[in-house]
Amino acid sequence: MRKQAKGRAKLVVVIPAYNESERIGETITALLAVRPNMKKAGLEYRLYVVDDGSADGTGALAAKAGADRVLRHKVNHGLGAAIRTGLMGARRDGADIVVKFDADLQHDPRDIAELVRPILDDEADVVYGNRFERIEYRMPFVRRIGNIVFTRLMRFLTGWPLEDGQPGIFAINRDYLEIFNLPGDYNYTQQILLDSYHKGMRFAHVPVSFRKRITGRSFVSLKYPFKVTAQILMVLISVEPMRVFSTAGFVFLFGAFLIFAIELVMFFNGLIPKPVVHVNAVLGLALFGLQTFFFGLLAELFVKNNRNR
């Protein structure tokens with residue numbers, strides 16, 4: 001991490017919040033309680049709440065409770081958008097480290113010190129909390145299965161030793177804060193993992209506590225897998241387009257070859273009157289596959305050219 005020439009390192013805690021009036025005051029109070037420890041560690045500690053279009057006075061309550069800044073969306077844009085706004089605000093204000101923290105107080109503010117330790121020791125640029133060593137309740141079956149699926153997918157795509165790919169708490173340093181790209185407005189965990197991996201960042205896991213939510217409503221729904229999958233593709237295309245388009249091109253080319261091979265066998269066995277009956281399907285799939293492959297090649301050249309500027 002880039003060292004400051006003078007003064008303390010600035011740590012900004014970003015708290016995205018949407019209709020969290022029941023607990024936002026308690027969350028800010030709990031986060032403020034660890035400020036003395038952060039000061040002892042040589043950190044300037046600030047709290048930024050992102051009010052994502054709340055209709056229950058969440059932003060005003062956060063300011064009253066002692067948040068250093070409240071950034072507001074006029075309408076609800078989604079969790080990813082709220083985190084993007086918070087990260088951009090922290091970057092503009094010169095933050096050296098940013099921690100994302102849930103507004104519902106499912107995480108323990110005392111874990112922040114350990115979460116940022118790998119960054120302070122210059123061992124990592126991105127640190128994710130791992131809830132499963134210290135979880136205090138039994139996670140619902142659907143959420144548990146979803147977490148396993150997406151964690152394994154991210155482990156495969158990044159090669160990082162991920163144990164929990166969807167925590168509500170993570171930390172990033174200034175190096176990544178300056179270049180992050182969070183295009184999707186819904187979920188953020190997979191987007192940040194893929195984006196930071198393809199930008200050469202270092203990753204670490206830290207065990208964190210996790211409590212049961214007692215107020216509000218989780219953003220996870222039946223639409224979650226579809227929205228997340230679309231955003232994973234969006235990030236992959238933006239950082240490694242050839243991997244996406246070459247895979248898609250291969251699928252189309254394989255489909256063309258499969259139809260051709262099956263009908264050729266059928267022809268030699270006297271089951272059809274000519275070698276290829278569905279000529280248009282074979283040609284269409286083959287041409288589409290080649291076009292997709294070459295489109296990916298052009299996109300890859302474009303992305304690499306932009307990186308080198």
# chains A, B, ... in the order shown; residues from 1 in each chain; ligands from 1
$ select_by_dssp --residues "region 106-244 of chain A" --states "strand (DSSP E or B)" --output "ChimeraX atom specification"
/A:126-135,170-173,203-210
$ residues_around --residues "Arg131 (chain A)" --least-positions-apart "2" --cutoff "7 Å" --atoms "only C-alpha atoms" --output "ChimeraX atom specification"
/A:129,133-135,164,167,207-210
$ write_last_selection --atoms "C-alpha atoms" --output "tab-separated table (two decimals), in the first residue's frame"
chain	number	residue	atom	x	y	z
A	129	GLY	CA	-14.24	-11.34	6.08
A	133	GLU	CA	-15.57	-19.77	11.48
A	134	ARG	CA	-17.53	-17.54	13.87
A	135	ILE	CA	-21.12	-17.49	12.63
A	164	ASP	CA	-16.71	-16.95	1.96
A	167	PRO	CA	-19.55	-11.35	3.30
A	207	PRO	CA	-12.27	-14.55	10.32
A	208	VAL	CA	-15.14	-12.29	11.42
A	209	SER	CA	-18.20	-12.68	13.63
A	210	PHE	CA	-21.65	-12.86	12.05
$ atom_distance --atom1 "CA of Glu178 (chain A)" --atom2 "CA of Val34 (chain A)"
26.4 Å
$ residues_around --residues "Gly255 (chain A)" --least-positions-apart "5" --cutoff "12 Å" --atoms "only C-alpha atoms" --output "MDAnalysis selection string"
chainID A and resid 248:250 260:262 281:289
$ write_last_selection --atoms "N, CA and C atoms" --output "CSV table (one decimal), in the first residue's frame"
chain,number,residue,atom,x,y,z
A,248,ALA,N,-18.0,-18.8,-25.7
A,248,ALA,CA,-19.3,-18.7,-26.4
A,248,ALA,C,-19.1,-19.2,-27.8
A,249,GLY,N,-18.1,-18.7,-28.5
A,249,GLY,CA,-17.8,-19.1,-29.9
A,249,GLY,C,-17.6,-20.6,-30.0
A,250,PHE,N,-16.9,-21.1,-29.0
A,250,PHE,CA,-16.6,-22.6,-29.1
A,250,PHE,C,-17.9,-23.4,-29.0
A,260,PHE,N,-23.4,-31.6,-37.8
A,260,PHE,CA,-22.8,-32.2,-39.0
A,260,PHE,C,-22.3,-33.6,-38.8
A,261,ALA,N,-21.7,-33.9,-37.7
A,261,ALA,CA,-21.2,-35.3,-37.5
A,261,ALA,C,-22.4,-36.3,-37.3
A,262,ILE,N,-23.4,-35.9,-36.6
A,262,ILE,CA,-24.6,-36.8,-36.4
A,262,ILE,C,-25.2,-37.1,-37.7
A,281,ALA,N,-28.6,-24.6,-40.4
A,281,ALA,CA,-28.3,-24.6,-39.0
A,281,ALA,C,-26.8,-24.8,-38.8
A,282,VAL,N,-26.2,-25.7,-39.6
A,282,VAL,CA,-24.7,-25.9,-39.5
A,282,VAL,C,-23.9,-24.6,-39.8
A,283,LEU,N,-24.3,-24.0,-41.0
A,283,LEU,CA,-23.6,-22.8,-41.4
A,283,LEU,C,-23.8,-21.7,-40.5
A,284,GLY,N,-25.1,-21.5,-40.0
A,284,GLY,CA,-25.4,-20.4,-39.1
A,284,GLY,C,-24.7,-20.5,-37.8
A,285,LEU,N,-24.6,-21.7,-37.2
A,285,LEU,CA,-23.9,-21.9,-36.0
A,285,LEU,C,-22.4,-21.7,-36.1
A,286,ALA,N,-21.9,-22.2,-37.2
A,286,ALA,CA,-20.4,-22.1,-37.5
A,286,ALA,C,-20.0,-20.6,-37.7
A,287,LEU,N,-20.8,-19.9,-38.5
A,287,LEU,CA,-20.5,-18.5,-38.8
A,287,LEU,C,-20.7,-17.6,-37.5
A,288,PHE,N,-21.7,-17.9,-36.7
A,288,PHE,CA,-21.9,-17.2,-35.5
A,288,PHE,C,-20.8,-17.4,-34.5
A,289,GLY,N,-20.4,-18.7,-34.5
A,289,GLY,CA,-19.3,-19.0,-33.6
A,289,GLY,C,-18.0,-18.3,-34.0
$ closest_residue --among "A:Ala60, A:Leu298, A:Leu87, A:Met38" --to "Tyr188 (chain A)" --atoms "only C-alpha atoms"
A:Leu87
$ closest_residue --among "A:Arg110, A:Arg92, A:Arg72, A:Lys64" --to "Arg35 (chain A)" --atoms "only C-alpha atoms"
A:Arg110
$ select_by_dssp --residues "region 125-302 of chain A" --states "helix (DSSP H, G or I)" --output "JSON, numbers by chain"
{"A": [141, 142, 143, 144, 145, 146, 147, 148, 149, 150, 151, 152, 153, 154, 155, 156, 157, 158, 174, 175, 176, 177, 189, 190, 191, 192, 193, 194, 195, 196, 197, 198, 224, 225, 226, 227, 228, 229, 230, 231, 232, 233, 234, 235, 236, 237, 238, 239, 241, 242, 243, 244, 245, 246, 247, 248, 249, 250, 251, 252, 253, 254, 255, 256, 257, 258, 259, 260, 261, 262, 263, 264, 265, 266, 267, 268, 279, 280, 281, 282, 283, 284, 285, 286, 287, 288, 289, 290, 291, 292, 293, 294, 295, 296, 297, 298, 299, 300, 301, 302]}
$ residues_around --residues "Ala63 (chain A)" --least-positions-apart "4" --cutoff "12 Å" --atoms "only C-alpha atoms" --output "MDAnalysis selection string"
chainID A and resid 21 24:25 27:29 47:51 57:59 67:72
$ atom_distance --atom1 "CA of Gly53 (chain A)" --atom2 "CA of Thr189 (chain A)"
21.2 Å
$ residues_around --residues "Thr247 (chain A)" --least-positions-apart "2" --cutoff "12 Å" --atoms "only C-alpha atoms" --output "ChimeraX atom specification"
/A:237,240-245,249-254,289-290,292-297
$ closest_atom_pairs --of "region 6-99 of chain A" --to "region 111-120 of chain A" --cutoff "10 Å" --atoms "only C-alpha atoms" --output "CSV"
residue,atom,partner,partner_atom,distance
A:Ala9,CA,A:Leu120,CA,9.2
A:Leu11,CA,A:Val116,CA,9.1
A:Val13,CA,A:Ile112,CA,9.2
A:Leu31,CA,A:Ile112,CA,9.3
A:Val34,CA,A:Ile112,CA,8.8
A:Asn37,CA,A:Ala113,CA,8.2
A:Met38,CA,A:Ala113,CA,7.3
A:Ala41,CA,A:Ala113,CA,8.5
A:Asp96,CA,A:Ile119,CA,9.8
A:Ile97,CA,A:Val116,CA,7.8
A:Val98,CA,A:Val116,CA,8.8
A:Val99,CA,A:Ile112,CA,7.6
